[in-house]
Amino acid sequence: MVLVIVVAVLALCAGLAANRFLRPRLMPDDDTGMAVKDLVGPLLTLTVLLLAFVLVTASGSYGKAEVASRGEARALDQLTEIAEYASAEERERVQADAVCYARAVRTQEWPAMADGSGAAAPSVWSTDVRHSFRGLEGKPVFGMLIAADNKRSDEREERLTQATASIPSAIFWFLLATLAITVVALAVCLPRRNNRGQLVVLTVITALLTVTLCIIRDVDRPFDGIIKVKPTAIAEVERQATRDFLVHHEAADLPCDDKGNRRDA
């Protein structure tokens with residue numbers, strides 16, 4: 001970073017020195033040269049390219065968050081289905097833990113991810129699920145359960161990773177400053193009279209750049225804002241797991257409440 005700053009400063013100093021001492025020899029007329037409006041075009045192009053690049057990065061983070069959320073739900077659903085091949089006792093524990101895990105993710109971890117953090121409750125039930133596998137060691141179903149649970153764990157970790165902003169605050173403020181400078185520079189180049197058409201175009205350009213930056217800010221936080229990933233997939237798995245559990249048991253047999261907290265806590 002220091003190297004970039006030093007090179008940029010030296011280049012600016014060299015350019016100003018050339019303008020001061022070399023230009024009179026090459027161009028005797030001191031009044032000719034680039035006008036301010038000639039410099040605004042490259043500035044606008046730079047602003048658009050920066051916004052486009054950052055938008056692609058933020059959209060990629062949003063897409064990963066959505067994929068991880070669905071993958072986690074599929075892995076949890078697979079876990080409950082595989083549990084049907086276990087004994088009645090092990091099946092009850094695995095399916096009950098799956099219901100409680102889904103409830104904890106939906107009601108506690110999802111709101112917490114809006115601030116880029118997670119919740120402790122889902123980890124309680126994922127740990128309990130792994131403990132329930134101990135009685136199945138050596139059985140064919142053991143490997144399938146381990147694979148499904150590892151997949152669920154990986155997808156949850158990816159989901160929590162994408163909950164944090166992928167674009168540093170410094171870059172966002174830099175983009176905001178670049179947008180402001182571009183709009184001001186464009187306004188300076190407008191004529192002072194008979195400028196209604198130019199003012200309309202400037203307003204449209206400002207609105208488009210502003211909306212683009214707002215979209216970047218929104219999708220960079222996949223679980224917060226207007227455009228956000230909703231817990232639809234995990235809620236559907238919770239519903240299906242609850243249905244499967246209630247086939248053989250009562251709702252009171254679940255070890256957690258509606259929010260995924262352990263009943264005896």
# chains A, B, ... in the order shown; residues from 1 in each chain; ligands from 1
>>> select_by_dssp(residues="range 53-141 of chain A", states="alpha helix (DSSP H)", output="count of residues only")
65
>>> residues_around(residues="Thr242 in chain A", least_positions_apart="6", cutoff="12 Å", atoms="only C-alpha atoms", output="MDAnalysis selection string")
chainID A and resid 77 80 92 94:103 235:236 248:254 256 258
>>> residues_around(residues="Pro111 in chain A", least_positions_apart="6", cutoff="12 Å", atoms="only C-alpha atoms", output="PyMOL selection string")
chain A and resi 104-105+117-119+160+163+222-225+228-231
>>> write_last_selection(atoms="all heavy atoms", output="short mmCIF file (atom, residue, chain, number, x, y, z; two decimals), in the first residue's frame")
data_model
loop_
_atom_site.label_atom_id
_atom_site.label_comp_id
_atom_site.auth_asym_id
_atom_site.auth_seq_id
_atom_site.Cartn_x
_atom_site.Cartn_y
_atom_site.Cartn_z
N ALA A 104 -33.96 -23.75 16.54
CA ALA A 104 -32.95 -22.82 17.06
C ALA A 104 -32.35 -21.97 15.94
O ALA A 104 -32.11 -20.77 16.12
CB ALA A 104 -31.85 -23.60 17.77
N VAL A 105 -32.11 -22.58 14.78
CA VAL A 105 -31.57 -21.84 13.65
C VAL A 105 -32.57 -20.79 13.18
O VAL A 105 -32.22 -19.63 12.94
CB VAL A 105 -31.21 -22.79 12.50
CG1 VAL A 105 -30.89 -22.01 11.22
CG2 VAL A 105 -30.01 -23.65 12.88
N SER A 117 -23.50 -12.18 13.34
CA SER A 117 -23.10 -13.12 14.40
C SER A 117 -23.97 -14.37 14.33
O SER A 117 -24.88 -14.47 13.50
CB SER A 117 -23.23 -12.46 15.77
OG SER A 117 -24.55 -12.00 15.99
N GLY A 118 -23.68 -15.33 15.22
CA GLY A 118 -24.45 -16.56 15.27
C GLY A 118 -25.12 -16.72 16.62
O GLY A 118 -25.22 -15.78 17.40
N ALA A 119 -25.59 -17.94 16.89
CA ALA A 119 -26.25 -18.24 18.16
C ALA A 119 -25.67 -19.55 18.71
O ALA A 119 -25.17 -20.39 17.96
CB ALA A 119 -27.76 -18.35 17.98
N LEU A 160 -22.67 -18.98 8.18
CA LEU A 160 -22.23 -18.00 9.17
C LEU A 160 -21.10 -17.12 8.62
O LEU A 160 -21.01 -15.94 8.95
CB LEU A 160 -21.77 -18.72 10.44
CG LEU A 160 -22.86 -19.42 11.24
CD1 LEU A 160 -22.26 -20.20 12.41
CD2 LEU A 160 -23.89 -18.42 11.75
N ALA A 163 -22.52 -14.44 6.51
CA ALA A 163 -23.34 -13.47 7.24
C ALA A 163 -22.58 -12.18 7.51
O ALA A 163 -23.19 -11.12 7.69
CB ALA A 163 -23.82 -14.08 8.56
N PRO A 222 -26.34 -10.53 3.55
CA PRO A 222 -27.37 -11.42 2.98
C PRO A 222 -28.57 -11.67 3.89
O PRO A 222 -29.64 -12.03 3.40
CB PRO A 222 -26.60 -12.73 2.71
CG PRO A 222 -25.17 -12.33 2.66
CD PRO A 222 -25.03 -11.19 3.61
N PHE A 223 -28.40 -11.52 5.20
CA PHE A 223 -29.47 -11.86 6.12
C PHE A 223 -30.10 -10.63 6.77
O PHE A 223 -30.76 -10.73 7.81
CB PHE A 223 -28.95 -12.82 7.20
CG PHE A 223 -28.39 -14.08 6.62
CD1 PHE A 223 -27.02 -14.23 6.43
CD2 PHE A 223 -29.22 -15.12 6.24
CE1 PHE A 223 -26.50 -15.39 5.89
CE2 PHE A 223 -28.71 -16.28 5.69
CZ PHE A 223 -27.34 -16.42 5.51
N ASP A 224 -29.87 -9.45 6.16
CA ASP A 224 -30.44 -8.23 6.67
C ASP A 224 -30.81 -7.33 5.50
O ASP A 224 -30.30 -7.51 4.39
CB ASP A 224 -29.43 -7.51 7.59
CG ASP A 224 -30.05 -6.34 8.33
OD1 ASP A 224 -31.28 -6.34 8.50
OD2 ASP A 224 -29.30 -5.43 8.74
N GLY A 225 -31.69 -6.39 5.72
CA GLY A 225 -32.06 -5.46 4.67
C GLY A 225 -33.28 -5.90 3.88
O GLY A 225 -34.02 -6.81 4.27
N LYS A 228 -32.87 -10.04 1.29
CA LYS A 228 -32.22 -10.92 2.26
C LYS A 228 -32.65 -12.36 2.07
O LYS A 228 -33.73 -12.65 1.54
CB LYS A 228 -32.53 -10.47 3.69
CG LYS A 228 -34.00 -10.48 4.05
CD LYS A 228 -34.19 -9.98 5.48
CE LYS A 228 -35.66 -9.94 5.87
NZ LYS A 228 -35.85 -9.42 7.24
N VAL A 229 -31.80 -13.25 2.53
CA VAL A 229 -32.09 -14.68 2.48
C VAL A 229 -33.01 -15.02 3.66
O VAL A 229 -32.67 -14.74 4.81
CB VAL A 229 -30.80 -15.52 2.56
CG1 VAL A 229 -31.12 -17.01 2.52
CG2 VAL A 229 -29.86 -15.14 1.42
N LYS A 230 -34.14 -15.59 3.36
CA LYS A 230 -35.10 -15.93 4.41
C LYS A 230 -34.96 -17.40 4.82
O LYS A 230 -34.51 -18.23 4.02
CB LYS A 230 -36.53 -15.64 3.92
CG LYS A 230 -36.77 -14.17 3.60
CD LYS A 230 -38.21 -13.93 3.15
CE LYS A 230 -38.44 -12.46 2.86
NZ LYS A 230 -39.83 -12.20 2.41
N PRO A 231 -35.38 -17.74 6.03
CA PRO A 231 -35.22 -19.13 6.52
C PRO A 231 -36.31 -20.05 5.99
O PRO A 231 -36.84 -20.89 6.73
CB PRO A 231 -35.31 -18.96 8.04
CG PRO A 231 -36.20 -17.78 8.23
CD PRO A 231 -35.89 -16.84 7.10
#
>>> closest_atom_pairs(of="range 43-104 of chain A", to="range 176-184 of chain A", cutoff="12 Å", atoms="only C-alpha atoms", output="Markdown table")
| residue | atom | partner | partner_atom | distance |
| --- | --- | --- | --- | --- |
| A:Leu43 | CA | A:Thr182 | CA | 6.5 |
| A:Leu44 | CA | A:Thr182 | CA | 6.1 |
| A:Thr45 | CA | A:Thr182 | CA | 9.7 |
| A:Leu46 | CA | A:Thr178 | CA | 8.9 |
| A:Thr47 | CA | A:Thr178 | CA | 6.4 |
| A:Val48 | CA | A:Leu179 | CA | 9.0 |
| A:Leu49 | CA | A:Thr178 | CA | 11.4 |
| A:Leu50 | CA | A:Thr178 | CA | 9.2 |
| A:Leu51 | CA | A:Leu179 | CA | 9.2 |
>>> closest_residue(among="A:Ala187, A:Leu79, A:Ile234, A:Val247", to="Val141 in chain A", atoms="only C-alpha atoms")
A:Leu79
>>> closest_residue(among="A:Ser61, A:Ser87, A:Thr107, A:Gln198", to="Ser132 in chain A", atoms="only C-alpha atoms")
A:Ser87
>>> closest_residue(among="A:Thr161, A:Thr232, A:Asn150, A:Ser126", to="Arg93 in chain A", atoms="only C-alpha atoms")
A:Ser126
>>> atom_distance(atom1="CA of Asp220 in chain A", atom2="CA of Gly116 in chain A")
10.8 Å
